[in-house]
$ cat start13.txt   # compact mmCIF, N, CA and C atoms
# COMPACT_ATOMS: atom_id res chain seq x y z
N MET A 1 91.31 165.79 -122.08
CA MET A 1 91.55 164.38 -121.80
C MET A 1 92.67 164.27 -120.76
N THR A 2 92.43 163.49 -119.72
CA THR A 2 93.43 163.34 -118.65
C THR A 2 94.50 162.33 -119.06
N ASP A 3 95.57 162.29 -118.30
CA ASP A 3 96.61 161.30 -118.54
C ASP A 3 96.06 159.88 -118.42
N LEU A 4 95.15 159.69 -117.46
CA LEU A 4 94.55 158.38 -117.27
C LEU A 4 93.71 157.98 -118.49
N ASP A 5 92.95 158.93 -119.02
CA ASP A 5 92.16 158.67 -120.23
C ASP A 5 93.06 158.29 -121.40
N ILE A 6 94.17 158.99 -121.54
CA ILE A 6 95.12 158.71 -122.62
C ILE A 6 95.71 157.31 -122.44
N TYR A 7 96.09 156.99 -121.21
CA TYR A 7 96.66 155.67 -120.90
C TYR A 7 95.67 154.56 -121.26
N LYS A 8 94.41 154.71 -120.87
CA LYS A 8 93.41 153.68 -121.16
C LYS A 8 93.13 153.57 -122.66
N GLN A 9 93.14 154.70 -123.34
CA GLN A 9 92.96 154.67 -124.79
C GLN A 9 94.13 153.93 -125.46
N GLN A 10 95.34 154.15 -124.97
CA GLN A 10 96.50 153.45 -125.50
C GLN A 10 96.38 151.95 -125.26
N LEU A 11 95.93 151.56 -124.08
CA LEU A 11 95.72 150.14 -123.80
C LEU A 11 94.71 149.53 -124.76
N LYS A 12 93.62 150.25 -124.94
CA LYS A 12 92.54 149.78 -125.82
C LYS A 12 93.07 149.59 -127.25
N GLU A 13 93.83 150.55 -127.74
CA GLU A 13 94.38 150.46 -129.09
C GLU A 13 95.42 149.34 -129.21
N PHE A 14 96.30 149.23 -128.21
CA PHE A 14 97.34 148.20 -128.25
C PHE A 14 96.74 146.81 -128.29
N TYR A 15 95.84 146.52 -127.35
CA TYR A 15 95.25 145.19 -127.31
C TYR A 15 94.25 144.97 -128.44
N GLY A 16 93.61 146.01 -128.87
CA GLY A 16 92.67 145.90 -129.99
C GLY A 16 93.35 145.56 -131.30
N SER A 17 94.62 145.89 -131.42
CA SER A 17 95.36 145.62 -132.66
C SER A 17 95.94 144.21 -132.70
N ARG A 18 95.83 143.49 -131.62
CA ARG A 18 96.44 142.15 -131.54
C ARG A 18 95.41 141.09 -131.90
N THR A 19 95.14 140.95 -133.19
CA THR A 19 94.10 140.02 -133.64
C THR A 19 94.51 138.55 -133.53
N ASN A 20 95.79 138.27 -133.41
CA ASN A 20 96.25 136.89 -133.25
C ASN A 20 96.72 136.62 -131.82
N TYR A 21 96.16 137.32 -130.88
CA TYR A 21 96.60 137.31 -129.49
C TYR A 21 96.80 135.90 -128.94
N ASP A 22 95.85 135.02 -129.17
CA ASP A 22 95.93 133.66 -128.63
C ASP A 22 97.08 132.86 -129.23
N HIS A 23 97.57 133.27 -130.38
CA HIS A 23 98.56 132.48 -131.11
C HIS A 23 99.90 133.20 -131.28
N GLU A 24 100.08 134.34 -130.65
CA GLU A 24 101.36 135.04 -130.76
C GLU A 24 102.43 134.19 -130.11
N LYS A 25 103.58 134.07 -130.78
CA LYS A 25 104.61 133.17 -130.26
C LYS A 25 105.26 133.70 -128.99
N ASP A 26 105.24 135.00 -128.76
CA ASP A 26 105.89 135.57 -127.59
C ASP A 26 104.96 135.75 -126.39
N THR A 27 103.68 135.42 -126.55
CA THR A 27 102.77 135.61 -125.43
C THR A 27 102.76 134.38 -124.53
N ARG A 28 102.68 134.61 -123.26
CA ARG A 28 102.59 133.50 -122.31
C ARG A 28 101.18 133.44 -121.70
N HIS A 29 100.30 134.29 -122.19
CA HIS A 29 98.96 134.38 -121.61
C HIS A 29 98.18 133.07 -121.68
N PRO A 30 98.16 132.35 -122.81
CA PRO A 30 97.41 131.08 -122.82
C PRO A 30 97.92 130.09 -121.77
N LEU A 31 99.23 130.01 -121.59
CA LEU A 31 99.79 129.11 -120.59
C LEU A 31 99.43 129.58 -119.19
N GLU A 32 99.51 130.87 -118.92
CA GLU A 32 99.17 131.39 -117.60
C GLU A 32 97.69 131.20 -117.29
N ALA A 33 96.83 131.36 -118.29
CA ALA A 33 95.40 131.12 -118.08
C ALA A 33 95.16 129.66 -117.72
N LYS A 34 95.83 128.77 -118.41
CA LYS A 34 95.69 127.33 -118.14
C LYS A 34 96.16 127.00 -116.72
N ILE A 35 97.30 127.53 -116.32
CA ILE A 35 97.83 127.28 -114.98
C ILE A 35 96.89 127.84 -113.91
N LEU A 36 96.39 129.05 -114.14
CA LEU A 36 95.45 129.66 -113.19
C LEU A 36 94.24 128.76 -112.97
N LEU A 37 93.69 128.25 -114.05
CA LEU A 37 92.51 127.39 -113.95
C LEU A 37 92.81 126.04 -113.30
N GLU A 38 94.06 125.60 -113.37
CA GLU A 38 94.44 124.36 -112.69
C GLU A 38 94.52 124.55 -111.18
N PHE A 39 94.84 125.77 -110.73
CA PHE A 39 95.01 126.03 -109.31
C PHE A 39 93.74 126.49 -108.59
N VAL A 40 92.74 126.90 -109.34
CA VAL A 40 91.48 127.34 -108.73
C VAL A 40 90.42 126.29 -109.05
N THR A 41 89.93 125.66 -108.02
CA THR A 41 88.91 124.63 -108.21
C THR A 41 87.55 125.30 -108.42
N LEU A 42 86.95 125.02 -109.54
CA LEU A 42 85.62 125.54 -109.85
C LEU A 42 84.61 124.41 -109.76
N HIS A 43 83.40 124.77 -109.37
CA HIS A 43 82.34 123.79 -109.20
C HIS A 43 81.11 124.18 -110.02
N SER A 44 80.33 123.19 -110.35
CA SER A 44 79.08 123.42 -111.06
C SER A 44 78.23 124.42 -110.28
N GLY A 45 77.65 125.35 -111.00
CA GLY A 45 76.74 126.32 -110.40
C GLY A 45 77.39 127.60 -109.89
N GLN A 46 78.71 127.68 -109.92
CA GLN A 46 79.35 128.90 -109.41
C GLN A 46 79.17 130.07 -110.37
N LYS A 47 79.26 131.27 -109.78
CA LYS A 47 79.20 132.53 -110.53
C LYS A 47 80.60 133.11 -110.58
N ILE A 48 81.08 133.39 -111.80
CA ILE A 48 82.47 133.79 -112.01
C ILE A 48 82.52 135.14 -112.71
N LEU A 49 83.43 135.99 -112.26
CA LEU A 49 83.75 137.24 -112.96
C LEU A 49 85.17 137.13 -113.47
N ASP A 50 85.36 137.38 -114.75
CA ASP A 50 86.70 137.40 -115.34
C ASP A 50 86.99 138.82 -115.81
N VAL A 51 87.83 139.52 -115.06
CA VAL A 51 88.17 140.91 -115.35
C VAL A 51 89.29 140.94 -116.38
N ALA A 52 89.16 141.82 -117.35
CA ALA A 52 90.10 141.91 -118.48
C ALA A 52 90.12 140.56 -119.19
N THR A 53 88.95 140.09 -119.53
CA THR A 53 88.77 138.75 -120.09
C THR A 53 89.45 138.56 -121.43
N GLY A 54 89.68 139.64 -122.17
CA GLY A 54 90.37 139.53 -123.46
C GLY A 54 89.63 138.60 -124.39
N THR A 55 90.34 137.58 -124.87
CA THR A 55 89.76 136.64 -125.83
C THR A 55 89.08 135.45 -125.15
N GLY A 56 88.91 135.54 -123.84
CA GLY A 56 88.18 134.50 -123.12
C GLY A 56 89.01 133.30 -122.71
N LEU A 57 90.33 133.46 -122.62
CA LEU A 57 91.19 132.33 -122.29
C LEU A 57 90.90 131.74 -120.90
N VAL A 58 90.38 132.53 -119.99
CA VAL A 58 89.97 132.03 -118.68
C VAL A 58 88.45 131.85 -118.65
N ALA A 59 87.72 132.80 -119.18
CA ALA A 59 86.26 132.78 -119.09
C ALA A 59 85.63 131.57 -119.76
N ILE A 60 86.12 131.20 -120.92
CA ILE A 60 85.50 130.08 -121.65
C ILE A 60 85.69 128.74 -120.93
N PRO A 61 86.92 128.37 -120.54
CA PRO A 61 87.04 127.13 -119.78
C PRO A 61 86.31 127.19 -118.43
N ALA A 62 86.26 128.37 -117.82
CA ALA A 62 85.53 128.52 -116.56
C ALA A 62 84.04 128.25 -116.79
N ALA A 63 83.49 128.76 -117.88
CA ALA A 63 82.07 128.53 -118.21
C ALA A 63 81.80 127.04 -118.42
N GLU A 64 82.74 126.36 -119.04
CA GLU A 64 82.58 124.91 -119.23
C GLU A 64 82.59 124.19 -117.88
N LYS A 65 83.45 124.64 -116.96
CA LYS A 65 83.56 123.98 -115.65
C LYS A 65 82.34 124.23 -114.76
N VAL A 66 81.77 125.43 -114.79
CA VAL A 66 80.63 125.71 -113.91
C VAL A 66 79.32 125.19 -114.50
N GLY A 67 79.35 124.84 -115.76
CA GLY A 67 78.20 124.21 -116.40
C GLY A 67 76.99 125.12 -116.54
N SER A 68 75.91 124.53 -116.98
CA SER A 68 74.69 125.30 -117.25
C SER A 68 74.04 125.85 -115.99
N GLU A 69 74.40 125.33 -114.83
CA GLU A 69 73.86 125.82 -113.55
C GLU A 69 74.58 127.11 -113.11
N GLY A 70 75.79 127.33 -113.62
CA GLY A 70 76.57 128.50 -113.26
C GLY A 70 76.62 129.48 -114.40
N TYR A 71 77.37 130.57 -114.18
CA TYR A 71 77.57 131.51 -115.28
C TYR A 71 78.86 132.29 -115.08
N VAL A 72 79.32 132.85 -116.18
CA VAL A 72 80.54 133.63 -116.20
C VAL A 72 80.24 134.96 -116.87
N ILE A 73 80.76 136.01 -116.26
CA ILE A 73 80.74 137.33 -116.90
C ILE A 73 82.18 137.73 -117.15
N GLY A 74 82.47 138.07 -118.38
CA GLY A 74 83.79 138.56 -118.75
C GLY A 74 83.67 140.03 -119.09
N ILE A 75 84.57 140.83 -118.56
CA ILE A 75 84.52 142.27 -118.80
C ILE A 75 85.87 142.72 -119.36
N ASP A 76 85.82 143.58 -120.37
CA ASP A 76 87.05 144.06 -121.01
C ASP A 76 86.75 145.37 -121.73
N ILE A 77 87.77 146.22 -121.86
CA ILE A 77 87.58 147.49 -122.56
C ILE A 77 87.88 147.40 -124.06
N THR A 78 88.31 146.23 -124.51
CA THR A 78 88.80 146.10 -125.88
C THR A 78 87.81 145.38 -126.79
N PRO A 79 87.14 146.09 -127.68
CA PRO A 79 86.15 145.46 -128.56
C PRO A 79 86.74 144.34 -129.43
N GLY A 80 87.95 144.52 -129.93
CA GLY A 80 88.57 143.50 -130.78
C GLY A 80 88.79 142.19 -130.06
N MET A 81 89.24 142.28 -128.82
CA MET A 81 89.45 141.07 -128.02
C MET A 81 88.10 140.39 -127.74
N LEU A 82 87.11 141.18 -127.38
CA LEU A 82 85.79 140.62 -127.09
C LEU A 82 85.18 139.96 -128.33
N HIS A 83 85.44 140.54 -129.49
CA HIS A 83 84.96 139.93 -130.74
C HIS A 83 85.54 138.53 -130.90
N GLN A 84 86.85 138.40 -130.65
CA GLN A 84 87.48 137.08 -130.75
C GLN A 84 86.87 136.11 -129.73
N ALA A 85 86.64 136.60 -128.52
CA ALA A 85 86.03 135.75 -127.49
C ALA A 85 84.64 135.31 -127.91
N ARG A 86 83.85 136.21 -128.48
CA ARG A 86 82.49 135.86 -128.91
C ARG A 86 82.50 134.77 -129.99
N LEU A 87 83.47 134.84 -130.89
CA LEU A 87 83.59 133.80 -131.92
C LEU A 87 83.88 132.45 -131.28
N LYS A 88 84.74 132.43 -130.30
CA LYS A 88 85.08 131.17 -129.61
C LYS A 88 83.90 130.66 -128.79
N ILE A 89 83.15 131.56 -128.18
CA ILE A 89 81.97 131.17 -127.39
C ILE A 89 80.92 130.56 -128.31
N ALA A 90 80.71 131.18 -129.46
CA ALA A 90 79.74 130.64 -130.42
C ALA A 90 80.17 129.26 -130.91
N ALA A 91 81.45 129.11 -131.20
CA ALA A 91 81.95 127.81 -131.67
C ALA A 91 81.78 126.73 -130.60
N ALA A 92 81.94 127.12 -129.34
CA ALA A 92 81.78 126.17 -128.23
C ALA A 92 80.32 126.00 -127.83
N ARG A 93 79.43 126.82 -128.39
CA ARG A 93 77.99 126.78 -128.11
C ARG A 93 77.66 126.95 -126.63
N LEU A 94 78.40 127.85 -126.00
CA LEU A 94 78.17 128.12 -124.58
C LEU A 94 77.05 129.14 -124.41
N GLN A 95 76.16 128.86 -123.48
CA GLN A 95 75.03 129.75 -123.19
C GLN A 95 75.15 130.43 -121.83
N ASN A 96 76.15 130.07 -121.06
CA ASN A 96 76.26 130.55 -119.69
C ASN A 96 77.38 131.57 -119.50
N ILE A 97 77.64 132.33 -120.54
CA ILE A 97 78.71 133.31 -120.47
C ILE A 97 78.25 134.61 -121.14
N GLU A 98 78.54 135.71 -120.48
CA GLU A 98 78.18 137.03 -121.00
C GLU A 98 79.45 137.88 -121.02
N LEU A 99 79.63 138.61 -122.10
CA LEU A 99 80.77 139.52 -122.21
C LEU A 99 80.28 140.96 -122.20
N ILE A 100 80.98 141.79 -121.44
CA ILE A 100 80.62 143.19 -121.32
C ILE A 100 81.80 144.05 -121.71
N GLU A 101 81.57 144.95 -122.64
CA GLU A 101 82.61 145.91 -123.02
C GLU A 101 82.50 147.11 -122.09
N ALA A 102 83.46 147.21 -121.18
CA ALA A 102 83.44 148.30 -120.20
C ALA A 102 84.79 148.38 -119.51
N ASP A 103 85.02 149.49 -118.86
CA ASP A 103 86.20 149.69 -118.04
C ASP A 103 85.91 149.06 -116.68
N ALA A 104 86.61 148.00 -116.35
CA ALA A 104 86.36 147.25 -115.11
C ALA A 104 86.58 148.10 -113.87
N GLU A 105 87.37 149.14 -114.01
CA GLU A 105 87.64 150.01 -112.87
C GLU A 105 86.39 150.79 -112.45
N TYR A 106 85.52 151.05 -113.42
CA TYR A 106 84.33 151.86 -113.14
C TYR A 106 83.03 151.09 -113.22
N PHE A 107 83.10 149.82 -113.61
CA PHE A 107 81.89 149.01 -113.72
C PHE A 107 81.55 148.48 -112.34
N ASN A 108 80.30 148.59 -111.94
CA ASN A 108 79.90 148.17 -110.60
C ASN A 108 78.94 146.99 -110.63
N PHE A 109 79.27 146.01 -109.81
CA PHE A 109 78.39 144.88 -109.55
C PHE A 109 78.02 144.96 -108.07
N SER A 110 76.96 144.32 -107.70
CA SER A 110 76.55 144.28 -106.30
C SER A 110 77.53 143.45 -105.48
N ASP A 111 77.67 143.78 -104.22
CA ASP A 111 78.50 143.00 -103.32
C ASP A 111 77.98 141.57 -103.27
N ASN A 112 78.87 140.65 -103.01
CA ASN A 112 78.54 139.23 -102.86
C ASN A 112 77.90 138.60 -104.10
N THR A 113 78.28 139.07 -105.28
CA THR A 113 77.68 138.60 -106.52
C THR A 113 78.37 137.38 -107.10
N PHE A 114 79.69 137.25 -106.88
CA PHE A 114 80.47 136.21 -107.53
C PHE A 114 81.16 135.30 -106.52
N ASP A 115 81.29 134.03 -106.90
CA ASP A 115 82.04 133.08 -106.08
C ASP A 115 83.54 133.23 -106.30
N VAL A 116 83.91 133.54 -107.53
CA VAL A 116 85.32 133.67 -107.89
C VAL A 116 85.48 134.88 -108.81
N VAL A 117 86.54 135.64 -108.57
CA VAL A 117 86.91 136.76 -109.44
C VAL A 117 88.31 136.47 -109.99
N PHE A 118 88.40 136.39 -111.31
CA PHE A 118 89.69 136.17 -111.98
C PHE A 118 90.18 137.47 -112.61
N CYS A 119 91.47 137.62 -112.65
CA CYS A 119 92.15 138.61 -113.48
C CYS A 119 93.51 138.00 -113.77
N CYS A 120 93.63 137.38 -114.91
CA CYS A 120 94.79 136.54 -115.18
C CYS A 120 96.09 137.32 -115.27
N GLU A 121 96.14 138.36 -116.05
CA GLU A 121 97.41 139.04 -116.26
C GLU A 121 97.32 140.55 -116.16
N ALA A 122 96.16 141.09 -116.26
CA ALA A 122 96.00 142.54 -116.43
C ALA A 122 96.06 143.35 -115.15
N ILE A 123 96.19 142.72 -114.01
CA ILE A 123 96.18 143.48 -112.77
C ILE A 123 97.25 144.57 -112.77
N VAL A 124 98.37 144.30 -113.40
CA VAL A 124 99.46 145.28 -113.44
C VAL A 124 99.11 146.52 -114.26
N LEU A 125 98.05 146.43 -115.05
CA LEU A 125 97.63 147.55 -115.89
C LEU A 125 96.72 148.54 -115.17
N PHE A 126 96.20 148.16 -114.00
CA PHE A 126 95.30 149.05 -113.26
C PHE A 126 96.11 150.12 -112.53
N PRO A 127 95.70 151.36 -112.67
CA PRO A 127 96.44 152.46 -112.04
C PRO A 127 96.48 152.38 -110.51
N ASP A 128 95.42 151.86 -109.88
CA ASP A 128 95.38 151.75 -108.43
C ASP A 128 95.04 150.30 -108.08
N ILE A 129 96.06 149.47 -107.97
CA ILE A 129 95.87 148.04 -107.76
C ILE A 129 95.19 147.75 -106.42
N ILE A 130 95.58 148.45 -105.38
CA ILE A 130 94.97 148.22 -104.07
C ILE A 130 93.46 148.50 -104.12
N ALA A 131 93.08 149.60 -104.75
CA ALA A 131 91.65 149.95 -104.83
C ALA A 131 90.87 148.90 -105.61
N ILE A 132 91.44 148.41 -106.71
CA ILE A 132 90.70 147.43 -107.51
C ILE A 132 90.59 146.09 -106.77
N LEU A 133 91.63 145.72 -106.02
CA LEU A 133 91.56 144.50 -105.23
C LEU A 133 90.49 144.60 -104.15
N LYS A 134 90.39 145.75 -103.51
CA LYS A 134 89.35 145.96 -102.50
C LYS A 134 87.96 145.85 -103.13
N LYS A 135 87.82 146.41 -104.32
CA LYS A 135 86.53 146.36 -105.02
C LYS A 135 86.16 144.91 -105.33
N TRP A 136 87.12 144.13 -105.84
CA TRP A 136 86.85 142.74 -106.18
C TRP A 136 86.57 141.91 -104.94
N TYR A 137 87.24 142.22 -103.84
CA TYR A 137 87.04 141.48 -102.60
C TYR A 137 85.58 141.56 -102.14
N LYS A 138 84.98 142.72 -102.31
CA LYS A 138 83.59 142.91 -101.89
C LYS A 138 82.60 142.11 -102.77
N LEU A 139 83.04 141.73 -103.95
CA LEU A 139 82.16 140.98 -104.85
C LEU A 139 81.96 139.54 -104.42
N ARG A 140 82.84 139.03 -103.60
CA ARG A 140 82.78 137.64 -103.16
C ARG A 140 82.00 137.50 -101.86
N PRO A 141 81.31 136.38 -101.68
CA PRO A 141 80.59 136.17 -100.43
C PRO A 141 81.57 135.96 -99.27
N ARG A 142 81.14 136.34 -98.09
CA ARG A 142 82.00 136.14 -96.91
C ARG A 142 81.45 135.09 -96.02

$ encode --input "start13.txt" --output "structure tokens"
Amino acid sequence: MTDLDIYKQQLKEFYGSRTNYDHEKDTRHPLEAKILLEFVTLHSGQKILDVATGTGLVAIPAAEKVGSEGYVIGIDITPGMLHQARLKIAAARLQNIELIEADAEYFNFSDNTFDVVFCCEAIVLFPDIIAILKKWYKLRPR
């Protein structure tokens, strides 16, 4: 197992153990997700990728904003976080959102697939930030 594999496993375990993530008193993630969504104008019919979607704090409101004509894909390596997101999606009865359990660094989508790519807080967790930004840039139409 490489150092990178160990690091990613530690991330998975750390975030997977945080079952009250949305309600932790010391987390600022819900507020940052809200602010991010206030600054990015979304329109009906858009295609959205939410990287490191976690519990869906960005993906779920984004799915509501793009409506049934659009869709959102949330990707995360943490099954526990995705489980929480799925519960919230079911409660909201959203049909235009898909969650994928995968390492976003190695998951490939076709170029020009998404109108908007979000990564609310986790960008600092990627070992090669420049490479991941280049990858996400290609996902957007030019």

$ atom_distance --input "start13.txt" --atom1 "atom CA of A:Tyr15" --atom2 "atom CA of A:Lys34"
20.1 Å

$ closest_residue --input "start13.txt" --among "A:Ala85, A:Leu99, A:Leu49, A:Ala62" --to "A:Phe118" --atoms "only N, CA and C atoms"
A:Leu49

$ closest_residue --input "start13.txt" --among "A:Pro30, A:Tyr137, A:Gln10, A:Glu38" --to "A:Leu125" --atoms "only C-alpha atoms"
A:Gln10

$ atom_distance --input "start13.txt" --atom1 "atom CA of A:Gln84" --atom2 "atom CA of A:His29"
14.9 Å

$ residues_around --input "start13.txt" --residues "A:Thr113" --least-positions-apart "3" --cutoff "6.5 Å" --atoms "all atoms listed in the file" --output "list in words"
Lys47, Ser110, Lys138, Leu139, Arg140 and Pro141 of chain A

$ write_last_selection --input "start13.txt" --atoms "N, CA and C atoms" --output "PDB file, in the frame of the given file"
ATOM      1  N   LYS A  47      79.260 131.270-109.780  1.00  0.00           N
ATOM      2  CA  LYS A  47      79.200 132.530-110.530  1.00  0.00           C
ATOM      3  C   LYS A  47      80.600 133.110-110.580  1.00  0.00           C
ATOM      4  N   SER A 110      76.960 144.320-107.700  1.00  0.00           N
ATOM      5  CA  SER A 110      76.550 144.280-106.300  1.00  0.00           C
ATOM      6  C   SER A 110      77.530 143.450-105.480  1.00  0.00           C
ATOM      7  N   LYS A 138      84.980 142.720-102.310  1.00  0.00           N
ATOM      8  CA  LYS A 138      83.590 142.910-101.890  1.00  0.00           C
ATOM      9  C   LYS A 138      82.600 142.110-102.770  1.00  0.00           C
ATOM     10  N   LEU A 139      83.040 141.730-103.950  1.00  0.00           N
ATOM     11  CA  LEU A 139      82.160 140.980-104.850  1.00  0.00           C
ATOM     12  C   LEU A 139      81.960 139.540-104.420  1.00  0.00           C
ATOM     13  N   ARG A 140      82.840 139.030-103.600  1.00  0.00           N
ATOM     14  CA  ARG A 140      82.780 137.640-103.160  1.00  0.00           C
ATOM     15  C   ARG A 140      82.000 137.500-101.860  1.00  0.00           C
ATOM     16  N   PRO A 141      81.310 136.380-101.680  1.00  0.00           N
ATOM     17  CA  PRO A 141      80.590 136.170-100.430  1.00  0.00           C
ATOM     18  C   PRO A 141      81.570 135.960 -99.270  1.00  0.00           C
TER      19      PRO A 141
END

$ residues_near_point --input "start13.txt" --point "(76.8, 136.6, -119.9)" --cutoff "6 Å" --atoms "only N, CA and C atoms" --output "ChimeraX atom specification"
/A:72-73,96-99

$ atom_distance --input "start13.txt" --atom1 "atom C of A:Glu105" --atom2 "atom CA of A:Ala122"
13.3 Å

$ residues_around --input "start13.txt" --residues "A:Val40" --least-positions-apart "4" --cutoff "9 Å" --atoms "only C-alpha atoms" --output "PDB file with N, CA and C atoms, keeping the file's coordinate frame"
ATOM      1  N   ILE A  35      97.300 127.530-116.320  1.00  0.00           N
ATOM      2  CA  ILE A  35      97.830 127.280-114.980  1.00  0.00           C
ATOM      3  C   ILE A  35      96.890 127.840-113.910  1.00  0.00           C
ATOM      4  N   LEU A  36      96.390 129.050-114.140  1.00  0.00           N
ATOM      5  CA  LEU A  36      95.450 129.660-113.190  1.00  0.00           C
ATOM      6  C   LEU A  36      94.240 128.760-112.970  1.00  0.00           C
ATOM      7  N   VAL A 116      83.910 133.540-107.530  1.00  0.00           N
ATOM      8  CA  VAL A 116      85.320 133.670-107.890  1.00  0.00           C
ATOM      9  C   VAL A 116      85.480 134.880-108.810  1.00  0.00           C
TER      10      VAL A 116
END

$ residues_around --input "start13.txt" --residues "A:Lys88" --least-positions-apart "5" --cutoff "9 Å" --atoms "only C-alpha atoms" --output "PyMOL selection string"
chain A and resi 55-56+60+83+93

$ select_by_dssp --input "start13.txt" --residues "stretch 12-94 of chain A" --states "alpha helix (DSSP H)" --output "PyMOL selection string"
chain A and resi 12-16+29-39+59-66+79-92

$ residues_around --input "start13.txt" --residues "A:Ser44" --least-positions-apart "2" --cutoff "5 Å" --atoms "all atoms listed in the file" --output "list in words"
Leu42, Gln46, Lys65, Val66 and Gly67 of chain A

$ closest_residue --input "start13.txt" --among "A:Ile130, A:Thr41, A:Val117, A:Gly16" --to "A:Leu82" --atoms "all atoms listed in the file"
A:Gly16

$ select_by_dssp --input "start13.txt" --residues "stretch 53-128 of chain A" --states "strand (DSSP E)" --output "VMD selection string"
chain A and resid 71 to 76 97 to 101 116 to 118

$ residues_around --input "start13.txt" --residues "A:Phe107" --least-positions-apart "3" --cutoff "12 Å" --atoms "only C-alpha atoms" --output "PyMOL selection string"
chain A and resi 49+51-52+74-77+100-104+110+132+135-136+139
